[in-house]
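Asks: The following file, run_35.csv, comprises CSV, N, CA and C atoms:
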chain,number,residue,atom,x,y,z
A,1218,MET,N,-2.9,23.8,6.0
A,1218,MET,CA,-4.3,24.0,5.8
A,1218,MET,C,-4.7,23.2,4.6
A,1219,TYR,N,-5.9,22.7,4.6
A,1219,TYR,CA,-6.4,21.9,3.5
A,1219,TYR,C,-7.8,22.4,3.2
A,1220,GLY,N,-8.1,22.5,1.9
A,1220,GLY,CA,-9.5,22.9,1.5
A,1220,GLY,C,-9.4,23.6,0.1
A,1221,THR,N,-10.5,24.1,-0.3
A,1221,THR,CA,-10.6,24.8,-1.5
A,1221,THR,C,-9.8,26.2,-1.4
A,1222,VAL,N,-9.6,26.8,-2.5
A,1222,VAL,CA,-8.9,28.1,-2.5
A,1222,VAL,C,-9.7,29.1,-1.6
A,1223,SER,N,-11.0,29.1,-1.8
A,1223,SER,CA,-11.9,30.0,-1.0
A,1223,SER,C,-11.8,29.7,0.5
A,1224,GLU,N,-11.9,28.4,0.8
A,1224,GLU,CA,-11.8,28.1,2.2
A,1224,GLU,C,-10.5,28.4,2.9
A,1225,ILE,N,-9.4,28.2,2.2
A,1225,ILE,CA,-8.1,28.5,2.7
A,1225,ILE,C,-7.9,30.0,2.9
A,1226,CYS,N,-8.4,30.8,1.9
A,1226,CYS,CA,-8.3,32.3,2.0
A,1226,CYS,C,-9.1,32.8,3.2
A,1227,ILE,N,-10.2,32.2,3.4
A,1227,ILE,CA,-11.0,32.6,4.6
A,1227,ILE,C,-10.3,32.3,5.9
A,1228,LYS,N,-9.7,31.1,6.0
A,1228,LYS,CA,-9.0,30.7,7.2
A,1228,LYS,C,-7.8,31.7,7.4
A,1229,LEU,N,-7.1,32.0,6.3
A,1229,LEU,CA,-5.9,32.9,6.4
A,1229,LEU,C,-6.4,34.3,6.9
A,1230,LEU,N,-7.4,34.8,6.3
A,1230,LEU,CA,-7.9,36.1,6.7
A,1230,LEU,C,-8.4,36.1,8.2
A,1231,LYS,N,-8.9,35.0,8.7
A,1231,LYS,CA,-9.3,34.9,10.1
A,1231,LYS,C,-8.1,34.9,11.0
A,1232,LYS,N,-7.1,34.3,10.5
A,1232,LYS,CA,-5.9,34.1,11.4
A,1232,LYS,C,-4.9,35.2,11.3
A,1233,TYR,N,-4.8,35.9,10.2
A,1233,TYR,CA,-3.7,36.9,10.0
A,1233,TYR,C,-4.4,38.2,9.6
A,1234,GLU,N,-3.7,39.3,9.9
A,1234,GLU,CA,-4.1,40.6,9.4
A,1234,GLU,C,-4.0,40.7,7.9
A,1235,ASN,N,-4.9,41.5,7.4
A,1235,ASN,CA,-5.1,41.7,5.9
A,1235,ASN,C,-3.7,42.0,5.2
A,1236,ASN,N,-2.9,42.8,5.8
A,1236,ASN,CA,-1.7,43.2,5.1
A,1236,ASN,C,-0.4,42.6,5.8
A,1237,GLU,N,-0.6,41.6,6.6
A,1237,GLU,CA,0.5,40.8,7.2
A,1237,GLU,C,1.2,40.0,6.1
A,1238,LYS,N,2.5,39.9,6.1
A,1238,LYS,CA,3.3,39.1,5.1
A,1238,LYS,C,3.3,37.7,5.5
A,1239,VAL,N,3.0,36.8,4.6
A,1239,VAL,CA,3.1,35.3,4.9
A,1239,VAL,C,3.7,34.7,3.6
A,1240,ALA,N,4.2,33.5,3.8
A,1240,ALA,CA,4.7,32.7,2.7
A,1240,ALA,C,3.8,31.5,2.6
A,1241,VAL,N,3.3,31.1,1.4
A,1241,VAL,CA,2.4,30.0,1.3
A,1241,VAL,C,3.0,29.0,0.2
A,1242,ILE,N,3.1,27.8,0.5
A,1242,ILE,CA,3.5,26.8,-0.4
A,1242,ILE,C,2.2,26.0,-0.8
A,1243,VAL,N,2.0,25.8,-2.1
A,1243,VAL,CA,0.8,25.2,-2.5
A,1243,VAL,C,1.1,23.9,-3.2
A,1244,TRP,N,0.3,22.9,-2.8
A,1244,TRP,CA,0.3,21.6,-3.5
A,1244,TRP,C,-1.1,21.4,-4.1
A,1245,THR,N,-1.1,21.0,-5.3
A,1245,THR,CA,-2.4,20.7,-6.0
A,1245,THR,C,-2.5,19.2,-6.3
A,1246,ALA,N,-3.7,18.7,-6.6
A,1246,ALA,CA,-3.9,17.3,-7.0
A,1246,ALA,C,-3.0,17.0,-8.1
A,1247,GLU,N,-2.8,17.8,-9.1
A,1247,GLU,CA,-2.0,17.6,-10.2
A,1247,GLU,C,-0.5,17.4,-9.8
A,1248,ASP,N,-0.1,18.3,-8.8
A,1248,ASP,CA,1.3,18.1,-8.3
A,1248,ASP,C,1.5,16.7,-7.7
A,1249,VAL,N,0.5,16.3,-6.9
A,1249,VAL,CA,0.6,15.0,-6.3
A,1249,VAL,C,0.7,13.9,-7.3
A,1250,ARG,N,-0.2,14.0,-8.3
A,1250,ARG,CA,-0.2,12.9,-9.4
A,1250,ARG,C,1.1,12.9,-10.1
A,1251,GLU,N,1.7,14.1,-10.4
A,1251,GLU,CA,2.9,14.2,-11.1
A,1251,GLU,C,4.1,13.6,-10.3
A,1252,THR,N,4.1,14.0,-9.0
A,1252,THR,CA,5.2,13.6,-8.1
A,1252,THR,C,5.1,12.1,-7.8
A,1253,GLY,N,3.9,11.6,-7.7
A,1253,GLY,CA,3.8,10.2,-7.4
A,1253,GLY,C,3.3,9.3,-8.5
A,1254,ALA,N,3.7,9.7,-9.8
A,1254,ALA,CA,3.2,9.0,-11.0
A,1254,ALA,C,3.5,7.5,-10.9
A,1255,GLU,N,4.6,7.1,-10.3
A,1255,GLU,CA,4.9,5.6,-10.3
A,1255,GLU,C,3.9,4.9,-9.4
A,1256,TYR,N,3.1,5.5,-8.6
A,1256,TYR,CA,2.1,4.9,-7.7
A,1256,TYR,C,0.7,4.9,-8.4
A,1257,HIS,N,0.6,5.6,-9.5
A,1257,HIS,CA,-0.7,5.7,-10.3
A,1257,HIS,C,-1.8,6.2,-9.3
A,1258,PRO,N,-1.6,7.3,-8.7
A,1258,PRO,CA,-2.7,7.8,-7.8
A,1258,PRO,C,-4.0,8.2,-8.5
A,1259,SER,N,-5.1,7.8,-7.9
A,1259,SER,CA,-6.4,8.2,-8.4
A,1259,SER,C,-6.7,9.6,-7.9
A,1260,ALA,N,-7.8,10.1,-8.3
A,1260,ALA,CA,-8.2,11.4,-7.8
A,1260,ALA,C,-8.4,11.4,-6.3
A,1261,ASP,N,-9.0,10.3,-5.8
A,1261,ASP,CA,-9.2,10.2,-4.3
A,1261,ASP,C,-7.9,10.1,-3.6
A,1262,ASP,N,-6.9,9.4,-4.2
A,1262,ASP,CA,-5.6,9.3,-3.6
A,1262,ASP,C,-4.9,10.6,-3.5
A,1263,ALA,N,-5.0,11.4,-4.6
A,1263,ALA,CA,-4.4,12.7,-4.6
A,1263,ALA,C,-5.1,13.6,-3.5
A,1264,ASP,N,-6.4,13.5,-3.4
A,1264,ASP,CA,-7.1,14.3,-2.4
A,1264,ASP,C,-6.7,13.9,-1.0
A,1265,SER,N,-6.5,12.6,-0.8
A,1265,SER,CA,-6.1,12.1,0.5
A,1265,SER,C,-4.7,12.6,0.9
A,1266,VAL,N,-3.8,12.6,-0.1
A,1266,VAL,CA,-2.5,13.2,0.1
A,1266,VAL,C,-2.5,14.6,0.5
A,1267,LEU,N,-3.4,15.4,-0.3
A,1267,LEU,CA,-3.5,16.8,0.0
A,1267,LEU,C,-4.0,17.0,1.5
A,1268,ARG,N,-5.0,16.2,1.8
A,1268,ARG,CA,-5.5,16.3,3.2
A,1268,ARG,C,-4.4,16.0,4.2
A,1269,THR,N,-3.6,15.0,4.0
A,1269,THR,CA,-2.5,14.6,4.9
A,1269,THR,C,-1.6,15.8,5.0
A,1270,ILE,N,-1.2,16.4,3.9
A,1270,ILE,CA,-0.3,17.6,3.9
A,1270,ILE,C,-1.0,18.7,4.7
A,1271,GLY,N,-2.2,19.0,4.5
A,1271,GLY,CA,-2.9,20.1,5.1
A,1271,GLY,C,-3.1,19.9,6.6
A,1272,GLU,N,-3.2,18.6,7.0
A,1272,GLU,CA,-3.4,18.3,8.4
A,1272,GLU,C,-2.1,17.9,9.2
A,1273,SER,N,-1.0,18.0,8.5
A,1273,SER,CA,0.3,17.6,9.1
A,1273,SER,C,0.6,18.6,10.2
A,1274,ASP,N,1.3,18.0,11.2
A,1274,ASP,CA,1.7,18.8,12.4
A,1274,ASP,C,2.8,19.8,11.9
A,1275,CYS,N,2.7,21.0,12.4
A,1275,CYS,CA,3.6,22.1,12.1
A,1275,CYS,C,5.1,21.7,12.3
A,1276,ASP,N,5.3,20.9,13.4
A,1276,ASP,CA,6.7,20.5,13.7
A,1276,ASP,C,7.2,19.6,12.6
A,1277,ILE,N,6.4,18.7,12.0
A,1277,ILE,CA,6.8,17.9,10.9
A,1277,ILE,C,7.1,18.7,9.7
A,1278,MET,N,6.2,19.7,9.4
A,1278,MET,CA,6.4,20.6,8.2
A,1278,MET,C,7.8,21.3,8.4
A,1279,TYR,N,8.0,21.9,9.5
A,1279,TYR,CA,9.2,22.7,9.7
A,1279,TYR,C,10.5,21.9,9.8
A,1280,ARG,N,10.4,20.8,10.4
A,1280,ARG,CA,11.6,20.0,10.6
A,1280,ARG,C,11.9,19.1,9.4
A,1281,TYR,N,10.9,18.5,8.8
A,1281,TYR,CA,11.2,17.6,7.7
A,1281,TYR,C,10.8,18.1,6.3
A,1282,GLY,N,9.9,19.1,6.3
A,1282,GLY,CA,9.4,19.6,5.0
A,1282,GLY,C,8.3,18.8,4.4
A,1283,ILE,N,7.5,19.4,3.6
A,1283,ILE,CA,6.5,18.7,2.8
A,1283,ILE,C,7.1,18.8,1.4
A,1284,ASN,N,7.7,17.7,1.0
A,1284,ASN,CA,8.4,17.7,-0.3
A,1284,ASN,C,8.0,16.5,-1.1
A,1285,GLN,N,8.7,16.3,-2.2
A,1285,GLN,CA,8.4,15.1,-3.1
A,1285,GLN,C,8.6,13.8,-2.3
A,1286,ALA,N,9.6,13.7,-1.5
A,1286,ALA,CA,9.8,12.5,-0.7
A,1286,ALA,C,8.6,12.2,0.3
A,1287,PHE,N,8.1,13.3,0.9
A,1287,PHE,CA,7.0,13.2,1.8
A,1287,PHE,C,5.8,12.6,1.0
A,1288,VAL,N,5.5,13.3,-0.2
A,1288,VAL,CA,4.3,12.9,-1.0
A,1288,VAL,C,4.5,11.4,-1.4
A,1289,ALA,N,5.7,11.1,-1.9
A,1289,ALA,CA,5.9,9.7,-2.3
A,1289,ALA,C,5.8,8.7,-1.2
A,1290,GLY,N,6.2,9.1,0.0
A,1290,GLY,CA,6.0,8.3,1.2
A,1290,GLY,C,4.6,8.0,1.5
A,1291,VAL,N,3.8,9.0,1.5
A,1291,VAL,CA,2.3,8.9,1.8
A,1291,VAL,C,1.7,7.9,0.7
A,1292,LEU,N,2.0,8.1,-0.6
A,1292,LEU,CA,1.5,7.3,-1.6
A,1292,LEU,C,2.0,5.8,-1.5
A,1293,ARG,N,3.2,5.7,-1.1
A,1293,ARG,CA,3.8,4.3,-0.9
A,1293,ARG,C,3.0,3.6,0.2
A,1294,GLU,N,2.8,4.3,1.3
A,1294,GLU,CA,2.0,3.7,2.4
A,1294,GLU,C,0.6,3.3,1.9
A,1295,MET,N,0.0,4.2,1.1
A,1295,MET,CA,-1.4,3.9,0.6
A,1295,MET,C,-1.3,2.7,-0.3
A,1296,ALA,N,-0.3,2.6,-1.1
A,1296,ALA,CA,-0.2,1.5,-2.1
A,1296,ALA,C,0.0,0.2,-1.3
A,1297,ALA,N,0.8,0.2,-0.3
A,1297,ALA,CA,1.1,-1.0,0.5
A,1297,ALA,C,-0.1,-1.5,1.3
A,1298,GLY,N,-1.0,-0.6,1.6
A,1298,GLY,CA,-2.2,-1.0,2.3
A,1298,GLY,C,-3.3,-1.6,1.4
A,1299,ARG,N,-3.2,-1.5,0.1
A,1299,ARG,CA,-4.2,-2.0,-0.8
A,1299,ARG,C,-4.0,-3.5,-1.0
A,1300,PRO,N,-5.2,-4.2,-1.1
A,1300,PRO,CA,-5.1,-5.7,-1.4
A,1300,PRO,C,-4.5,-5.8,-2.8
A,1301,PRO,N,-3.9,-7.0,-3.1
A,1301,PRO,CA,-3.4,-7.2,-4.4
A,1301,PRO,C,-4.5,-7.3,-5.4
A,1302,ARG,N,-4.3,-6.8,-6.6
A,1302,ARG,CA,-5.3,-6.9,-7.7
A,1302,ARG,C,-5.4,-8.3,-8.2
A,1303,GLN,N,-6.6,-8.7,-8.6
A,1303,GLN,CA,-6.8,-10.0,-9.3
A,1303,GLN,C,-6.9,-9.6,-10.8
A,1304,ILE,N,-6.0,-10.3,-11.5
A,1304,ILE,CA,-6.0,-10.1,-13.0
A,1304,ILE,C,-6.2,-11.4,-13.7
A,1305,SER,N,-6.6,-11.3,-14.9
A,1305,SER,CA,-6.9,-12.5,-15.7
A,1305,SER,C,-6.0,-12.4,-17.0
A,1306,ILE,N,-5.3,-13.5,-17.2
A,1306,ILE,CA,-4.5,-13.6,-18.4
A,1306,ILE,C,-4.8,-14.9,-19.1
A,1307,PRO,N,-5.1,-14.9,-20.4
A,1307,PRO,CA,-5.4,-16.1,-21.2
A,1307,PRO,C,-4.3,-17.1,-21.0
A,1308,GLU,N,-4.7,-18.4,-20.9
A,1308,GLU,CA,-3.7,-19.5,-20.6
A,1308,GLU,C,-2.7,-19.6,-21.7
A,1309,ASN,N,-3.0,-19.4,-22.9
A,1309,ASN,CA,-2.0,-19.5,-24.0
A,1309,ASN,C,-0.9,-18.4,-23.9
A,1310,GLU,N,-1.3,-17.3,-23.4
A,1310,GLU,CA,-0.3,-16.2,-23.2
A,1310,GLU,C,0.6,-16.5,-22.0
A,1311,LEU,N,0.0,-17.1,-20.9
A,1311,LEU,CA,0.9,-17.5,-19.8
A,1311,LEU,C,1.8,-18.6,-20.2
A,1312,ARG,N,1.3,-19.5,-21.0
A,1312,ARG,CA,2.2,-20.6,-21.4
A,1312,ARG,C,3.4,-20.1,-22.3
A,1313,ALA,N,3.1,-19.1,-23.1
A,1313,ALA,CA,4.1,-18.5,-24.0
A,1313,ALA,C,5.1,-17.7,-23.1
A,1314,LEU,N,4.7,-17.1,-22.0
A,1314,LEU,CA,5.6,-16.3,-21.2
A,1314,LEU,C,6.4,-17.2,-20.2
A,1315,LEU,N,5.9,-18.4,-19.9
A,1315,LEU,CA,6.6,-19.2,-18.9
A,1315,LEU,C,8.1,-19.4,-19.1
A,1316,PRO,N,8.6,-19.7,-20.3
A,1316,PRO,CA,10.0,-19.9,-20.5
A,1316,PRO,C,10.8,-18.6,-20.2
A,1317,ALA,N,10.2,-17.4,-20.6
A,1317,ALA,CA,10.9,-16.2,-20.3
A,1317,ALA,C,10.9,-15.9,-18.8
A,1318,ILE,N,9.8,-16.2,-18.1
A,1318,ILE,CA,9.8,-16.0,-16.7
A,1318,ILE,C,10.8,-16.9,-16.0
A,1319,CYS,N,10.9,-18.1,-16.4
A,1319,CYS,CA,11.9,-19.0,-15.8
A,1319,CYS,C,13.3,-18.5,-16.0
A,1320,THR,N,13.6,-18.1,-17.2
A,1320,THR,CA,14.9,-17.6,-17.5
A,1320,THR,C,15.2,-16.3,-16.7
A,1321,GLY,N,14.2,-15.4,-16.6
A,1321,GLY,CA,14.4,-14.2,-15.9
A,1321,GLY,C,14.6,-14.4,-14.4
A,1322,LEU,N,14.0,-15.4,-13.9
A,1322,LEU,CA,14.1,-15.7,-12.4
A,1322,LEU,C,15.6,-15.9,-12.0
A,1323,ASP,N,16.4,-16.4,-12.9
A,1323,ASP,CA,17.8,-16.6,-12.6
A,1323,ASP,C,18.5,-15.3,-12.2
A,1324,TYR,N,18.0,-14.2,-12.7
A,1324,TYR,CA,18.6,-12.9,-12.5
A,1324,TYR,C,18.0,-12.1,-11.3
A,1325,VAL,N,17.0,-12.7,-10.6
A,1325,VAL,CA,16.3,-12.1,-9.6
A,1325,VAL,C,16.8,-12.5,-8.2
A,1326,ASP,N,17.0,-11.6,-7.3
A,1326,ASP,CA,17.4,-11.9,-5.9
A,1326,ASP,C,16.2,-12.4,-5.2
A,1327,ASP,N,16.1,-13.7,-5.0
A,1327,ASP,CA,14.9,-14.3,-4.5
A,1327,ASP,C,15.2,-15.0,-3.2
A,1328,ALA,N,15.8,-14.3,-2.2
A,1328,ALA,CA,16.3,-14.9,-1.0
A,1328,ALA,C,15.1,-15.5,-0.2
A,1329,SER,N,13.9,-15.0,-0.3
A,1329,SER,CA,12.8,-15.5,0.5
A,1329,SER,C,12.2,-16.7,-0.2
A,1330,GLY,N,12.5,-16.9,-1.5
A,1330,GLY,CA,11.9,-18.0,-2.2
A,1330,GLY,C,10.5,-17.7,-2.7
A,1331,GLU,N,10.0,-16.5,-2.5
A,1331,GLU,CA,8.7,-16.1,-2.9
A,1331,GLU,C,8.4,-16.2,-4.4
A,1332,ALA,N,9.4,-15.7,-5.2
A,1332,ALA,CA,9.3,-15.7,-6.6
A,1332,ALA,C,9.2,-17.2,-7.1
A,1333,ARG,N,10.1,-18.0,-6.6
A,1333,ARG,CA,10.1,-19.4,-7.0
A,1333,ARG,C,8.8,-20.1,-6.7
A,1334,ALA,N,8.3,-19.8,-5.5
A,1334,ALA,CA,7.0,-20.4,-5.1
A,1334,ALA,C,5.9,-20.0,-6.0
A,1335,ALA,N,5.9,-18.7,-6.4
A,1335,ALA,CA,4.8,-18.2,-7.3
A,1335,ALA,C,4.9,-18.8,-8.6
A,1336,LEU,N,6.2,-19.0,-9.1
A,1336,LEU,CA,6.4,-19.7,-10.4
A,1336,LEU,C,5.9,-21.2,-10.3
A,1337,GLU,N,6.2,-21.8,-9.2
A,1337,GLU,CA,5.7,-23.2,-9.0
A,1337,GLU,C,4.2,-23.3,-9.0
A,1338,THR,N,3.6,-22.3,-8.4
A,1338,THR,CA,2.1,-22.3,-8.3
A,1338,THR,C,1.6,-22.1,-9.8
A,1339,LEU,N,2.2,-21.2,-10.5
A,1339,LEU,CA,1.8,-21.0,-11.9
A,1339,LEU,C,1.9,-22.3,-12.7
A,1340,ARG,N,3.0,-23.0,-12.6
A,1340,ARG,CA,3.2,-24.3,-13.3
A,1340,ARG,C,2.2,-25.3,-12.9
A,1341,LEU,N,1.9,-25.4,-11.6
A,1341,LEU,CA,0.8,-26.3,-11.2
A,1341,LEU,C,-0.5,-26.0,-11.8
A,1342,VAL,N,-0.9,-24.7,-11.8
A,1342,VAL,CA,-2.1,-24.3,-12.3
A,1342,VAL,C,-2.2,-24.6,-13.8
A,1343,LEU,N,-1.1,-24.3,-14.5
A,1343,LEU,CA,-1.1,-24.6,-16.0
A,1343,LEU,C,-1.1,-26.1,-16.3
A,1344,ASP,N,-0.5,-26.9,-15.4
A,1344,ASP,CA,-0.5,-28.4,-15.7
A,1344,ASP,C,-1.7,-29.1,-15.2
A,1345,SER,N,-2.5,-28.5,-14.4
A,1345,SER,CA,-3.7,-29.2,-13.8
A,1345,SER,C,-4.7,-29.4,-14.9
A,1346,PRO,N,-5.4,-30.5,-14.9
A,1346,PRO,CA,-6.4,-30.9,-16.0
A,1346,PRO,C,-7.5,-29.9,-16.1
A,1347,SER,N,-7.9,-29.2,-15.0
A,1347,SER,CA,-9.0,-28.2,-15.0
A,1347,SER,C,-8.6,-26.9,-15.5
A,1348,ALA,N,-7.3,-26.6,-15.7
A,1348,ALA,CA,-6.9,-25.3,-16.2
A,1348,ALA,C,-7.2,-25.0,-17.6
Would you mind giving the structure from this file in structure tokens?

Replies:
Amino acid sequence: MYGTVSEICIKLLKKYENNEKVAVIVWTAEDVRETGAEYHPSADDADSVLRTIGESDCDIMYRYGINQAFVAGVLREMAAGRPPRQISIPENELRALLPAICTGLDYVDDASGEARAALETLRLVLDSPSA
């Protein structure tokens, strides 16, 4: 179930007898933010994860559980679907970092060549007259 405390209590009372025993596991937005801190979830992200938890198929809940790995997986999928951020760094700071980046690249597994291509693009931008 997903909703406010009041909404969920009403749903439970409609579905179960007043004195029937049930077990309830609660996830809050704070729990989601804490569990997925490495993904820097926004308030909307946390709400979306709570909705996903609340709308999950019972079979998934019983078979796999709604745990930290589940929450991290939902946040990971959300992060992967976002477009890359555009950031701005002053040229002098990039030039100062370039030697460290080149040295560090020797220790990176770059089988696809993606990191080297990005470094080459950075060099070209810094060396171009309009930069």

Asks: When distances are computed from all atoms listed in the file, which of A:Glu1237, A:Asp1276, A:Glu1294, A:Glu1247 shows the smallest separation from Ala1263 (chain A)?

Replies: A:Glu1247

Asks: Separation of atom N of Ala1332 (chain A) and atom C of Thr1320 (chain A), in Å?

Replies: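 Here the two named atoms are 12.9 Å from each other.
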
Asks: In Å, with one decimal, what is the gap from CA of Arg1333 (chain A) to atom C of Gly1298 (chain A)?

Replies: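 Spanning CA of Arg1333 (chain A) to atom C of Gly1298 (chain A) is a straight-line distance of 23.8 Å.
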
Asks: Please, what distance in Å, to one decimal, runs between CA of Ile1318 (chain A) and CA of Leu1336 (chain A)?

Replies: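 For CA of Ile1318 (chain A) relative to CA of Leu1336 (chain A), the distance reads 8.1 Å.
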
Asks: Within 7 Å of region 1218-1231 of chain A, counting only N, CA and C atoms, which residues show up once you throw out same-chain ones fewer than 6 positions away? Write them as a PDB file with N, CA and C atoms, in the coordinates of the input, please.

Replies:
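Output (out.pdb):
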ATOM      1  N   LEU A1267      -3.400  15.400  -0.300  1.00  0.00           N
ATOM      2  CA  LEU A1267      -3.500  16.800   0.000  1.00  0.00           C
ATOM      3  C   LEU A1267      -4.000  17.000   1.500  1.00  0.00           C
ATOM      4  N   ARG A1268      -5.000  16.200   1.800  1.00  0.00           N
ATOM      5  CA  ARG A1268      -5.500  16.300   3.200  1.00  0.00           C
ATOM      6  C   ARG A1268      -4.400  16.000   4.200  1.00  0.00           C
ATOM      7  N   ILE A1270      -1.200  16.400   3.900  1.00  0.00           N
ATOM      8  CA  ILE A1270      -0.300  17.600   3.900  1.00  0.00           C
ATOM      9  C   ILE A1270      -1.000  18.700   4.700  1.00  0.00           C
ATOM     10  N   GLY A1271      -2.200  19.000   4.500  1.00  0.00           N
ATOM     11  CA  GLY A1271      -2.900  20.100   5.100  1.00  0.00           C
ATOM     12  C   GLY A1271      -3.100  19.900   6.600  1.00  0.00           C
ATOM     13  N   GLU A1272      -3.200  18.600   7.000  1.00  0.00           N
ATOM     14  CA  GLU A1272      -3.400  18.300   8.400  1.00  0.00           C
ATOM     15  C   GLU A1272      -2.100  17.900   9.200  1.00  0.00           C
ATOM     16  N   SER A1273      -1.000  18.000   8.500  1.00  0.00           N
ATOM     17  CA  SER A1273       0.300  17.600   9.100  1.00  0.00           C
ATOM     18  C   SER A1273       0.600  18.600  10.200  1.00  0.00           C
TER      19      SER A1273
END

Asks: Go ahead and fit an axis-aligned box to every listed atom of region 1223-1230 of chain A plus 3 Å each side, and pass me the centre and edge lengths in Å, one decimal, as JSON.

Replies:
{"center_x": -8.9, "center_y": 32.1, "center_z": 3.2, "size_x": 12.0, "size_y": 14.0, "size_z": 16.0}

Asks: Counting all atoms listed in the file, which residues have an atom no more than 7 Å from (-0.7, 10.9, -6.8) in the file's coordinates? Please list them as a ChimeraX atom specification.

Replies: /A:1246,1248-1254,1256-1259,1262-1263,1292
